[in-house]
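S.K.: Take a look at protein.txt, compact mmCIF, C-alpha atoms:
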```
# COMPACT_ATOMS: atom_id res chain seq x y z
CA MET A 1 157.96 121.38 163.93
CA GLN A 2 160.45 122.84 161.46
CA GLN A 3 159.79 122.69 157.70
CA TYR A 4 162.48 122.50 155.00
CA TYR A 5 162.87 123.17 151.29
CA TRP A 6 165.97 122.76 149.13
CA LEU A 7 167.68 123.13 145.79
CA GLN A 8 169.92 120.34 144.55
CA PRO A 9 171.98 119.12 146.27
CA ALA A 10 169.41 118.62 148.99
CA SER A 11 171.92 117.96 151.79
CA THR A 12 173.52 121.41 151.45
CA ARG A 13 170.17 123.17 151.76
CA ILE A 14 169.11 121.07 154.75
CA GLU A 15 172.37 121.86 156.56
CA GLU A 16 171.93 125.58 155.95
CA CYS A 17 168.39 125.52 157.32
CA ILE A 18 169.44 123.60 160.41
CA ALA A 19 172.45 125.82 161.01
CA ALA A 20 170.29 128.94 160.82
CA SER A 21 167.99 127.61 163.52
CA PRO A 22 169.45 127.55 167.09
CA GLN A 23 168.38 124.42 168.92
CA PRO A 24 169.71 124.64 172.49
CA SER A 25 167.78 121.63 173.70
CA THR A 26 168.53 119.41 170.66
CA PRO A 27 171.86 117.72 170.09
CA GLN A 28 173.82 118.91 167.06
CA LEU A 29 173.09 116.73 163.99
CA THR A 30 176.06 115.06 162.43
CA THR A 31 176.76 114.78 158.72
CA THR A 32 175.59 111.18 158.86
CA ASP A 33 172.32 112.26 160.47
CA LEU A 34 171.80 114.88 157.74
CA GLU A 35 172.50 112.32 155.03
CA THR A 36 170.05 109.91 156.61
CA LEU A 37 167.41 112.66 156.81
CA ARG A 38 168.02 113.60 153.17
CA ARG A 39 167.64 110.02 152.06
CA GLN A 40 164.42 109.66 154.01
CA HIS A 41 162.99 112.75 152.29
CA GLU A 42 164.08 111.45 148.89
CA LEU A 43 162.55 108.04 149.53
CA ILE A 44 159.28 109.61 150.59
CA LEU A 45 159.14 111.87 147.53
CA ASN A 46 160.21 109.11 145.16
CA SER A 47 157.64 106.63 146.48
CA VAL A 48 154.69 109.01 146.34
CA GLY A 49 152.40 108.32 143.35
CA GLU A 50 151.29 111.93 143.17
CA GLY A 51 153.36 114.59 141.51
CA VAL A 52 155.10 116.84 144.03
CA TYR A 53 157.28 119.87 143.42
CA GLY A 54 158.42 122.89 145.40
CA LEU A 55 158.65 126.55 144.41
CA ASP A 56 160.55 129.45 145.87
CA LEU A 57 159.11 132.94 146.20
CA GLU A 58 159.97 133.65 142.57
CA GLY A 59 158.04 130.64 141.38
CA ARG A 60 161.10 128.63 140.43
CA VAL A 61 161.41 124.91 141.04
CA THR A 62 163.36 123.94 144.15
CA PHE A 63 162.59 120.21 144.07
CA VAL A 64 160.48 117.80 142.06
CA ASN A 65 159.73 114.12 142.50
CA PRO A 66 159.95 111.50 139.73
CA ALA A 67 156.16 111.08 139.49
CA ALA A 68 155.75 114.80 138.68
CA ALA A 69 158.54 114.77 136.10
CA LYS A 70 157.14 111.66 134.44
CA MET A 71 153.61 113.06 134.21
CA ILE A 72 154.74 116.20 132.41
CA GLY A 73 157.44 114.51 130.31
CA TRP A 74 160.51 116.35 131.65
CA GLU A 75 163.77 115.26 133.22
CA ILE A 76 164.14 116.23 136.85
CA SER A 77 167.46 117.96 136.24
CA ASP A 78 165.89 120.12 133.51
CA LEU A 79 163.16 121.36 135.82
CA ILE A 80 165.24 122.62 138.74
CA SER A 81 165.27 126.43 138.87
CA GLN A 82 162.73 126.65 136.03
CA PRO A 83 159.67 128.97 136.39
CA MET A 84 157.13 126.20 136.78
CA HIS A 85 154.14 128.27 135.66
CA SER A 86 155.69 128.74 132.22
CA VAL A 87 156.57 125.03 132.09
CA LEU A 88 153.23 123.37 132.87
CA HIS A 89 150.58 125.97 133.73
CA HIS A 90 150.98 128.57 131.01
CA SER A 91 147.58 128.06 129.33
CA LYS A 92 144.00 127.46 130.42
CA PRO A 93 141.98 124.38 129.36
CA ASP A 94 140.66 126.24 126.31
CA GLY A 95 144.23 127.06 125.22
CA SER A 96 144.09 130.75 126.15
CA PHE A 97 146.97 132.42 128.01
CA TYR A 98 147.02 131.94 131.79
CA PRO A 99 148.51 135.04 133.54
CA VAL A 100 150.79 134.29 136.49
CA HIS A 101 148.98 136.72 138.78
CA GLU A 102 145.76 134.67 138.35
CA CYS A 103 147.42 131.35 139.22
CA PRO A 104 146.12 129.85 142.52
CA ILE A 105 149.43 128.01 143.00
CA TYR A 106 151.29 131.31 143.35
CA GLU A 107 148.57 132.74 145.54
CA ALA A 108 149.63 130.28 148.25
CA PHE A 109 152.86 132.12 149.06
CA ARG A 110 151.28 135.53 148.49
CA ASP A 111 148.43 135.11 150.98
CA GLY A 112 149.84 132.22 153.05
CA ARG A 113 146.79 130.01 152.56
CA ILE A 114 146.26 126.59 151.01
CA HIS A 115 144.74 126.68 147.52
CA ARG A 116 143.02 123.80 145.73
CA ALA A 117 141.77 123.33 142.17
CA ASN A 118 140.31 120.48 140.11
CA THR A 119 139.08 122.21 136.95
CA GLU A 120 142.41 123.11 135.36
CA VAL A 121 145.01 121.36 133.21
CA PHE A 122 148.79 120.95 133.25
CA TRP A 123 150.75 120.91 130.02
CA ARG A 124 153.32 118.31 129.04
CA LYS A 125 156.59 119.02 127.29
CA ASP A 126 155.16 117.66 124.02
CA GLY A 127 152.37 120.26 124.08
CA SER A 128 149.57 117.95 125.19
CA SER A 129 147.57 118.57 128.36
CA PHE A 130 145.76 116.57 131.01
CA PRO A 131 143.22 117.48 133.70
CA VAL A 132 144.64 117.80 137.18
CA GLU A 133 143.64 118.18 140.78
CA TYR A 134 146.26 120.03 142.82
CA VAL A 135 146.89 121.49 146.27
CA SER A 136 149.29 124.38 146.76
CA THR A 137 150.51 124.58 150.37
CA PRO A 138 152.73 127.46 151.57
CA MET A 139 156.11 126.59 153.21
CA GLN A 140 157.36 128.60 156.21
CA ASP A 141 160.77 128.91 157.82
CA GLN A 142 161.50 128.76 161.54
CA HIS A 143 160.40 132.38 161.89
CA GLY A 144 156.99 131.76 160.32
CA GLU A 145 157.92 133.53 157.11
CA VAL A 146 156.61 132.06 153.84
CA VAL A 147 159.57 130.94 151.78
CA GLY A 148 157.78 129.09 149.00
CA THR A 149 155.09 126.54 148.32
CA VAL A 150 154.72 122.80 147.83
CA VAL A 151 152.41 121.63 145.07
CA ALA A 152 150.95 118.13 145.06
CA PHE A 153 148.97 117.12 141.96
CA GLN A 154 147.53 114.10 140.27
CA ASP A 155 146.33 113.27 136.77
CA ILE A 156 142.54 112.93 136.94
CA THR A 157 141.97 111.93 133.31
CA GLN A 158 140.41 108.64 134.35
CA ARG A 159 138.21 110.36 136.90
CA LYS A 160 137.06 112.94 134.35
CA TRP A 161 136.38 110.18 131.86
CA ALA A 162 134.40 108.31 134.50
CA GLU A 163 132.49 111.50 135.35
CA VAL A 164 131.66 112.06 131.68
CA LEU A 165 130.63 108.42 131.34
CA LEU A 166 128.54 108.67 134.50
CA GLN A 167 126.93 111.88 133.30
CA ARG A 168 126.21 110.34 129.91
CA THR A 169 124.80 107.24 131.59
CA ASN A 170 122.64 109.41 133.84
CA GLU A 171 121.42 111.40 130.83
CA GLU A 172 120.60 108.20 128.96
CA LEU A 173 118.89 106.86 132.05
CA GLU A 174 116.91 110.09 132.44
CA LEU A 175 115.97 109.90 128.77
CA LYS A 176 114.85 106.31 129.19
CA VAL A 177 112.89 107.29 132.29
CA ARG A 178 111.24 110.16 130.39
CA ASP A 179 110.47 107.86 127.46
CA ARG A 180 109.12 105.21 129.79
CA THR A 181 107.11 107.81 131.67
CA ALA A 182 105.70 109.06 128.36
CA GLU A 183 104.87 105.47 127.37
CA LEU A 184 103.16 104.88 130.71
CA HIS A 185 101.30 108.18 130.35
CA GLN A 186 100.20 107.19 126.87
CA ALA A 187 99.22 103.76 128.13
CA ASN A 188 97.21 105.38 130.92
CA GLU A 189 95.51 107.62 128.39
CA GLN A 190 94.73 104.61 126.23
CA LEU A 191 93.38 102.77 129.26
CA GLN A 192 91.24 105.80 130.06
CA GLU A 193 90.04 105.92 126.46
CA LEU A 194 89.24 102.22 126.62
CA SER A 195 87.41 102.78 129.88
CA ASP A 196 85.43 105.64 128.35
CA LEU A 197 84.78 103.54 125.27
CA LYS A 198 83.58 100.67 127.42
CA SER A 199 81.30 103.00 129.37
CA ARG A 200 79.84 104.41 126.15
CA PHE A 201 79.49 100.90 124.75
CA VAL A 202 77.64 99.64 127.82
CA ALA A 203 75.39 102.72 127.85
CA MET A 204 74.69 102.40 124.14
CA VAL A 205 73.97 98.67 124.30
CA CYS A 206 71.69 99.09 127.30
CA HIS A 207 69.80 101.90 125.59
CA GLU A 208 69.74 100.60 122.03
CA PHE A 209 68.86 97.02 122.98
CA ARG A 210 66.38 97.88 125.71
CA ASN A 211 64.00 99.80 123.46
CA PRO A 212 63.66 97.20 120.68
CA LEU A 213 63.53 94.38 123.23
CA ASN A 214 60.75 96.17 125.10
CA ASN A 215 58.90 96.69 121.82
CA ILE A 216 59.30 93.01 120.92
CA LEU A 217 58.13 91.97 124.41
CA LEU A 218 55.13 94.29 124.17
CA ALA A 219 54.21 92.98 120.72
CA ALA A 220 54.55 89.35 121.83
CA SER A 221 52.47 90.01 124.94
CA SER A 222 49.75 91.74 122.93
CA LEU A 223 49.61 88.93 120.36
CA GLU A 224 49.34 86.38 123.17
CA ARG A 225 46.66 88.17 125.19
CA TYR A 226 44.52 89.77 122.54
CA ASP A 227 45.02 87.41 119.59
CA GLU A 228 41.30 86.81 119.13
CA GLN A 229 40.42 90.51 119.38
CA LEU A 230 43.12 91.69 116.91
CA SER A 231 42.34 92.28 113.27
CA PRO A 232 44.65 90.86 110.57
CA ASP A 233 46.07 94.36 109.99
CA GLN A 234 46.82 94.80 113.69
CA ARG A 235 48.54 91.41 113.85
CA ARG A 236 50.57 92.37 110.76
CA ASP A 237 51.59 95.67 112.39
CA TYR A 238 52.77 93.89 115.55
CA ILE A 239 54.72 91.32 113.56
CA GLN A 240 56.21 94.05 111.37
CA GLY A 241 57.26 95.92 114.52
CA VAL A 242 59.01 92.80 115.84
CA THR A 243 60.79 92.36 112.50
CA THR A 244 61.91 95.98 112.44
CA ASN A 245 63.30 95.84 115.96
CA VAL A 246 65.11 92.56 115.30
CA GLU A 247 66.65 94.06 112.17
CA ARG A 248 67.71 97.10 114.17
CA MET A 249 69.52 94.96 116.76
CA THR A 250 71.01 92.75 114.07
CA HIS A 251 72.37 95.79 112.26
CA MET A 252 73.98 97.04 115.46
CA ILE A 253 75.58 93.65 116.15
CA ASP A 254 76.86 93.53 112.57
CA ASP A 255 78.47 96.95 113.02
CA ILE A 256 80.22 95.85 116.20
CA LEU A 257 81.49 92.70 114.47
CA VAL A 258 82.80 94.75 111.53
CA ILE A 259 84.78 97.00 113.88
CA GLY A 260 86.17 93.93 115.63
CA LYS A 261 87.29 92.42 112.32
CA ILE A 262 89.03 95.65 111.29
CA GLU A 263 90.88 95.95 114.60
CA ALA A 264 91.92 92.29 114.35
CA HIS A 265 93.11 92.92 110.76
CA LYS A 266 90.75 90.21 109.54
CA LEU A 267 88.79 92.40 107.15
CA MET A 268 90.57 92.37 103.81
CA ILE A 269 89.73 94.85 101.08
CA GLN A 270 88.66 93.29 97.78
CA PRO A 271 88.78 95.93 95.03
CA THR A 272 86.94 95.41 91.74
CA GLN A 273 86.17 97.68 88.80
CA ILE A 274 82.99 99.69 89.40
CA GLU A 275 81.11 101.99 87.04
CA LEU A 276 80.49 104.73 89.59
CA VAL A 277 77.86 106.82 87.79
CA GLN A 278 75.42 103.93 87.51
CA PHE A 279 76.43 102.70 90.99
CA CYS A 280 75.54 106.05 92.58
CA HIS A 281 72.23 106.39 90.72
CA SER A 282 71.17 102.89 91.79
CA LEU A 283 72.19 103.51 95.40
CA VAL A 284 70.32 106.83 95.60
CA ALA A 285 67.20 105.23 94.10
CA GLU A 286 67.41 102.48 96.73
CA MET A 287 67.86 104.96 99.58
CA GLN A 288 64.94 107.03 98.34
CA LEU A 289 62.64 104.14 99.30
CA THR A 290 63.67 104.48 102.97
CA ALA A 291 63.72 108.29 103.05
CA ASN A 292 61.27 110.27 105.18
CA ARG A 293 59.96 112.06 102.09
CA GLN A 294 63.32 113.80 101.66
CA MET A 295 64.32 114.42 98.06
CA LEU A 296 67.49 112.47 97.18
CA SER A 297 69.46 113.27 94.02
CA VAL A 298 72.81 112.62 92.35
CA THR A 299 74.76 114.66 89.77
CA SER A 300 77.98 114.07 87.86
CA ARG A 301 79.68 115.66 84.88
CA HIS A 302 80.74 112.21 83.74
CA ARG A 303 78.60 109.78 81.79
CA HIS A 304 80.88 106.93 82.81
CA LEU A 305 83.53 106.75 85.51
CA ILE A 306 85.43 103.54 86.26
CA ALA A 307 87.21 103.06 89.58
CA GLU A 308 88.89 100.13 91.30
CA LEU A 309 87.29 100.00 94.75
CA ASP A 310 85.74 97.51 97.14
CA GLU A 311 82.09 97.70 96.11
CA LYS A 312 80.76 96.31 99.40
CA LEU A 313 82.75 98.79 101.50
CA LEU A 314 81.88 101.72 99.21
CA ARG A 315 78.22 100.82 99.45
CA SER A 316 78.46 100.76 103.26
CA ILE A 317 80.22 104.15 103.27
CA LEU A 318 77.55 105.89 101.19
CA ILE A 319 74.60 104.16 102.88
CA ASN A 320 75.84 105.25 106.32
CA ILE A 321 76.28 108.84 105.13
CA PHE A 322 72.85 108.92 103.47
CA SER A 323 71.20 107.25 106.46
CA ASN A 324 72.54 109.98 108.76
CA SER A 325 71.37 112.70 106.39
CA ILE A 326 67.90 111.15 106.21
CA ARG A 327 67.73 110.60 109.98
CA TYR A 328 68.72 114.16 110.91
CA SER A 329 66.97 116.14 108.15
CA ARG A 330 63.45 117.49 108.02
CA GLU A 331 60.91 116.00 105.64
CA GLN A 332 60.82 117.24 102.07
CA THR A 333 64.31 118.74 102.27
CA PRO A 334 66.93 117.88 99.60
CA ILE A 335 69.83 115.51 100.11
CA HIS A 336 72.33 115.62 97.26
CA LEU A 337 75.23 113.42 96.16
CA GLN A 338 77.81 114.91 93.80
CA LEU A 339 80.27 112.64 91.99
CA LEU A 340 83.55 114.20 90.83
CA LYS A 341 86.90 113.13 89.44
CA ARG A 342 90.04 115.08 90.27
CA ASN A 343 93.39 113.87 88.98
CA SER A 344 93.72 110.27 90.17
CA HIS A 345 90.97 110.47 92.80
CA VAL A 346 87.20 110.19 92.87
CA ILE A 347 85.19 112.48 95.15
CA PHE A 348 81.80 111.72 96.72
CA ARG A 349 80.23 114.83 98.24
CA THR A 350 76.92 114.54 100.10
CA SER A 351 75.05 117.63 101.28
CA ASP A 352 71.91 117.97 103.39
CA GLN A 353 69.92 120.69 105.12
CA GLY A 354 69.63 118.88 108.43
CA ILE A 355 70.19 119.88 112.06
CA GLY A 356 73.98 120.19 111.63
CA ILE A 357 76.76 119.16 114.00
CA PRO A 358 77.89 121.28 116.98
CA PRO A 359 81.49 122.53 116.53
CA GLU A 360 82.60 120.94 119.82
CA ASP A 361 81.44 117.53 118.53
CA LEU A 362 83.39 117.62 115.26
CA PRO A 363 86.76 116.39 116.69
CA TYR A 364 85.04 113.28 118.11
CA LEU A 365 82.67 112.61 115.23
CA PHE A 366 84.37 109.41 114.05
CA GLU A 367 84.93 107.86 117.47
CA PRO A 368 82.91 104.69 118.18
CA PHE A 369 79.71 105.11 120.19
CA TYR A 370 80.03 108.91 120.13
CA ARG A 371 76.86 110.83 119.37
CA GLY A 372 76.36 114.56 119.03
CA LYS A 373 74.77 116.59 121.77
CA ASN A 374 71.88 117.71 119.56
CA VAL A 375 70.63 114.30 118.35
CA SER A 376 68.09 114.18 121.19
CA SER A 377 66.15 110.91 121.18
CA THR A 378 66.82 110.06 117.56
CA PRO A 379 67.83 106.37 117.44
CA GLY A 380 71.44 105.61 116.68
CA THR A 381 74.46 103.69 117.93
CA GLY A 382 77.32 106.09 117.14
CA LEU A 383 79.02 103.35 115.10
CA GLY A 384 78.09 104.34 111.56
CA LEU A 385 80.59 107.17 111.05
CA ASN A 386 83.33 105.21 112.81
CA ILE A 387 82.82 102.42 110.27
CA VAL A 388 82.80 104.96 107.44
CA LYS A 389 86.15 106.37 108.59
CA ARG A 390 87.67 102.88 108.91
CA PHE A 391 86.48 101.87 105.41
CA VAL A 392 87.83 105.11 103.93
CA ASP A 393 91.19 104.46 105.63
CA LEU A 394 91.27 100.93 104.19
CA HIS A 395 91.03 102.51 100.73
CA HIS A 396 93.85 104.96 101.68
CA GLY A 397 91.39 107.80 101.27
CA ARG A 398 90.34 110.89 103.21
CA ILE A 399 87.10 112.23 104.64
CA LYS A 400 86.20 115.83 105.51
CA VAL A 401 83.17 117.29 107.26
CA ASP A 402 81.74 120.80 107.02
CA SER A 403 78.72 121.56 109.14
CA LYS A 404 76.73 124.42 110.56
CA LEU A 405 73.99 124.12 113.16
CA THR A 406 70.43 124.29 111.74
CA VAL A 407 71.89 124.81 108.24
CA GLY A 408 73.19 121.39 107.24
CA THR A 409 76.20 119.11 106.78
CA THR A 410 78.49 118.22 103.89
CA PHE A 411 80.63 115.08 103.85
CA THR A 412 83.46 114.92 101.30
CA ILE A 413 84.97 111.50 100.70
CA ILE A 414 88.11 111.30 98.56
CA LEU A 415 89.25 107.88 97.35
CA PRO A 416 91.97 106.84 94.88
CA LEU A 417 90.60 105.68 91.51
CA HIS A 418 92.88 102.66 91.63
CA TYR A 419 93.52 100.88 94.91
CA CYS A 420 97.12 99.94 95.61
CA VAL A 421 98.59 98.06 98.57
CA GLN A 422 100.79 100.29 100.76
CA GLY A 423 103.67 98.95 102.84
```
Spit out the file's structure as structure tokens when you get a sec.
M.R.:
Amino acid sequence: MQQYYWLQPASTRIEECIAASPQPSTPQLTTTDLETLRRQHELILNSVGEGVYGLDLEGRVTFVNPAAAKMIGWEISDLISQPMHSVLHHSKPDGSFYPVHECPIYEAFRDGRIHRANTEVFWRKDGSSFPVEYVSTPMQDQHGEVVGTVVAFQDITQRKWAEVLLQRTNEELELKVRDRTAELHQANEQLQELSDLKSRFVAMVCHEFRNPLNNILLAASSLERYDEQLSPDQRRDYIQGVTTNVERMTHMIDDILVIGKIEAHKLMIQPTQIELVQFCHSLVAEMQLTANRQMLSVTSRHRHLIAELDEKLLRSILINIFSNSIRYSREQTPIHLQLLKRNSHVIFRTSDQGIGIPPEDLPYLFEPFYRGKNVSSTPGTGLGLNIVKRFVDLHHGRIKVDSKLTVGTTFTIILPLHYCVQG
């Protein structure tokens, strides 16, 4: 099949091409036939929605359809014989100069192959640009010689916009997926923590309730069987043992209920003015009665120190700290409470010479039902320090722990002198 290209007027160029090609088996075309053929080519080019233009071997325009002229803002008559690279392909997307020898469109009639591109831009007459996808196809004469190229292109602004929108949507979707995955991972971790907490709770309840219940059962059985043989002192000891074990279980239940109230936001802080020096002396004197012959003391540089705190919660904080120091310290060792004031805060610092806390246990010290590895068979629920931490948080305070194995432990509790509600 023969291929044609032309300069305006098209009919003259078509006639020259046909005349140059001997066609012994084809009847000679008349002028009417040539005009009909020209019109058919024009109709095809004019009806195509894509931009189409032809170039000769020098890169000059030989024909251009209306769609191409409209897209780049030129008149068709002004484009004929123009070097098309300088008209619409002179710069790269970043605005830098685009050398002719690098242009894939011109490569088509240099190497005789079809060239495609979809990452470049064409420039309009007004200096604006738009992204294009184009195909540069070499044209050959009847002898197979390349005589130019035909370029078909289309404005892909909408496609690029859709690609950007799709990419942005995908990125947002990926971000949502990552966020959701992180949320699910966090939820799984929380579920695992709850599972661990439940396991520790069940183990603690089984252990801490079994022992006092066994003691109560043993005492009740002994009183029933050997009532007549028991002396008044022995009966009193059994009854006292029952009372002690009931109090122990009651205290544990109270601790669990307190934690439940805090988590349900039903425990409201009720601050009142407290004279802390007298408060601490009275508390230490009370705790001394339950000490295992440890020596409890309190010091302060202040004769009077007024603070606005919840007295009930403060009492629970210090009793829990002292109880731990008494429980895990040897007999006749000192346990000391120091009361300080620093700027707008009051500091309670308790120090003992007990068994200390292993370093690996410190990060988990305030978790519910967690007990250190070195507590052995010493009774305890692992709730006391968790309650202390929660009560300190309710006061918007801080708590620090310094401990060394076999040397002792120091708790530092820092509370604001005047409680204020935070949003």
S.K.: I want to know what sits within 10 Å of A:Cys103, based on only C-alpha atoms, with residues of the same chain fewer than 6 positions away left out; could you give that as an mmCIF file with C-alpha atoms, keeping the file's coordinate frame?
M.R.:
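Contents of the output file result-v8.cif:
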```
data_model
loop_
_atom_site.group_PDB
_atom_site.id
_atom_site.type_symbol
_atom_site.label_atom_id
_atom_site.label_comp_id
_atom_site.auth_asym_id
_atom_site.auth_seq_id
_atom_site.Cartn_x
_atom_site.Cartn_y
_atom_site.Cartn_z
ATOM 1 C CA HIS A 85 154.140 128.270 135.660
ATOM 2 C CA HIS A 89 150.580 125.970 133.730
ATOM 3 C CA HIS A 90 150.980 128.570 131.010
ATOM 4 C CA HIS A 115 144.740 126.680 147.520
#
```
S.K.: Between A:Ile262, A:Leu314, A:Val100, A:Ile355, which is the closest to A:Gly408 once you count only C-alpha atoms?
M.R.: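 Using only C-alpha atoms, A:Gly408 sits closest to A:Ile355.
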S.K.: Taking all atoms listed in the file into account, name the residue in A:Ala68, A:Leu313, A:Val298, A:Leu79 that is nearest to A:Leu267.
M.R.: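 The answer is A:Leu313, which sits nearest to A:Leu267.
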S.K.: When you look at A:Tyr53 with a cut-off of 12 Å (counting all atoms listed in the file), what residues show up, excluding the ones that are within fewer than 3 positions of it in the same chain? I need them as a ChimeraX atom specification.
M.R.: /A:5-7,45-46,48,50,56,59-69,72,76,79-85,88,105,134-137,139,148-154
S.K.: May I have the centre and edge lengths, in Å to one decimal, of an axis-aligned box around the listed atoms of stretch 272-287 of chain A with 3 Å added to every side, as AutoDock Vina command-line options?
M.R.:
```
--center_x 77.1 --center_y 101.1 --center_z 93.3 --size_x 25.7 --size_y 17.4 --size_z 18.5
```
S.K.: Could you state the separation of atom CA of A:Ser351 and atom CA of A:Ala291 in Å, given to one decimal place?
M.R.: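 Distance between the two atoms: 14.8 Å.
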S.K.: With only C-alpha atoms as the atoms that count, which of A:Leu194, A:Leu230, A:Leu165, A:Val242 lies nearest to A:Asn214?
M.R.: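 Ranked by minimum distance to A:Asn214, first place goes to A:Val242.
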S.K.: How many Å separate atom CA of A:Leu296 from atom CA of A:His395?
M.R.: 25.8 Å
S.K.: Grab the atom CA of A:Ala307 to atom CA of A:Ile274 distance for me, in Å with one decimal place.
M.R.: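 Result for atom CA of A:Ala307 versus atom CA of A:Ile274: 5.4 Å, one decimal.
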S.K.: Nearest residue to A:Met249 out of A:Leu213, A:Leu385, A:Ile156, A:Leu309, using all atoms listed in the file?
M.R.: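 Distance minimum relative to A:Met249 lands on A:Leu213.
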S.K.: Near stretch 338-349 of chain A, within 7 Å and counting only C-alpha atoms, which residues show up once chain neighbours fewer than 2 positions away are dropped, as an mmCIF file with C-alpha atoms, in the frame of the given file?
M.R.:
```cif
data_model
loop_
_atom_site.group_PDB
_atom_site.id
_atom_site.type_symbol
_atom_site.label_atom_id
_atom_site.label_comp_id
_atom_site.auth_asym_id
_atom_site.auth_seq_id
_atom_site.Cartn_x
_atom_site.Cartn_y
_atom_site.Cartn_z
ATOM 1 C CA VAL A 298 72.810 112.620 92.350
ATOM 2 C CA THR A 299 74.760 114.660 89.770
ATOM 3 C CA SER A 300 77.980 114.070 87.860
ATOM 4 C CA HIS A 336 72.330 115.620 97.260
ATOM 5 C CA SER A 351 75.050 117.630 101.280
ATOM 6 C CA THR A 410 78.490 118.220 103.890
ATOM 7 C CA PHE A 411 80.630 115.080 103.850
ATOM 8 C CA THR A 412 83.460 114.920 101.300
ATOM 9 C CA ILE A 413 84.970 111.500 100.700
ATOM 10 C CA ILE A 414 88.110 111.300 98.560
ATOM 11 C CA LEU A 415 89.250 107.880 97.350
ATOM 12 C CA PRO A 416 91.970 106.840 94.880
ATOM 13 C CA LEU A 417 90.600 105.680 91.510
#
```
S.K.: Ranking A:Val121, A:Ala108, A:Leu383, A:Val164 by minimum distance to A:Ile321 and counting all atoms listed in the file, which one comes first?
M.R.: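 Among A:Val121, A:Ala108, A:Leu383, A:Val164, it is A:Leu383 that comes nearest to A:Ile321.
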S.K.: Of the candidates A:Thr333, A:Ala264, A:Ile317, A:His302, which shows the shortest atom-to-atom distance to A:Gly397, using all atoms listed in the file?
M.R.: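 For A:Gly397, the nearest of the given residues is A:Ile317.
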S.K.: Excluding same-chain residues fewer than 2 positions from A:Gly95, what lies within 12 Å of it counting all atoms listed in the file, as a list in words?
M.R.: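 Listed by chain and then number, they are His89, His90, Ser91, Lys92, Pro93, Phe97, Tyr98, Glu120, Val121, Phe122, Trp123, Gly127, Ser128 and Ser129 of chain A.
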S.K.: In file coordinates, which residues lie within 9 Å of (93.9, 97.0, 104.9) using only C-alpha atoms, given as a list in words?
M.R.: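 The requested residues, written out, are Ile262, His265, Lys266, Leu267, Met268, Ile269, Phe391, Asp393, Leu394, His395, His396, Val421 and Gln422 of chain A.
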S.K.: Mind writing the picked residues with C-alpha atoms as a PDB file, keeping the file's coordinate frame?
M.R.:
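Result written to result_24.pdb:
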```
ATOM      1  CA  ILE A 262      89.030  95.650 111.290  1.00  0.00           C
ATOM      2  CA  HIS A 265      93.110  92.920 110.760  1.00  0.00           C
ATOM      3  CA  LYS A 266      90.750  90.210 109.540  1.00  0.00           C
ATOM      4  CA  LEU A 267      88.790  92.400 107.150  1.00  0.00           C
ATOM      5  CA  MET A 268      90.570  92.370 103.810  1.00  0.00           C
ATOM      6  CA  ILE A 269      89.730  94.850 101.080  1.00  0.00           C
ATOM      7  CA  PHE A 391      86.480 101.870 105.410  1.00  0.00           C
ATOM      8  CA  ASP A 393      91.190 104.460 105.630  1.00  0.00           C
ATOM      9  CA  LEU A 394      91.270 100.930 104.190  1.00  0.00           C
ATOM     10  CA  HIS A 395      91.030 102.510 100.730  1.00  0.00           C
ATOM     11  CA  HIS A 396      93.850 104.960 101.680  1.00  0.00           C
ATOM     12  CA  VAL A 421      98.590  98.060  98.570  1.00  0.00           C
ATOM     13  CA  GLN A 422     100.790 100.290 100.760  1.00  0.00           C
TER      14      GLN A 422
END
```
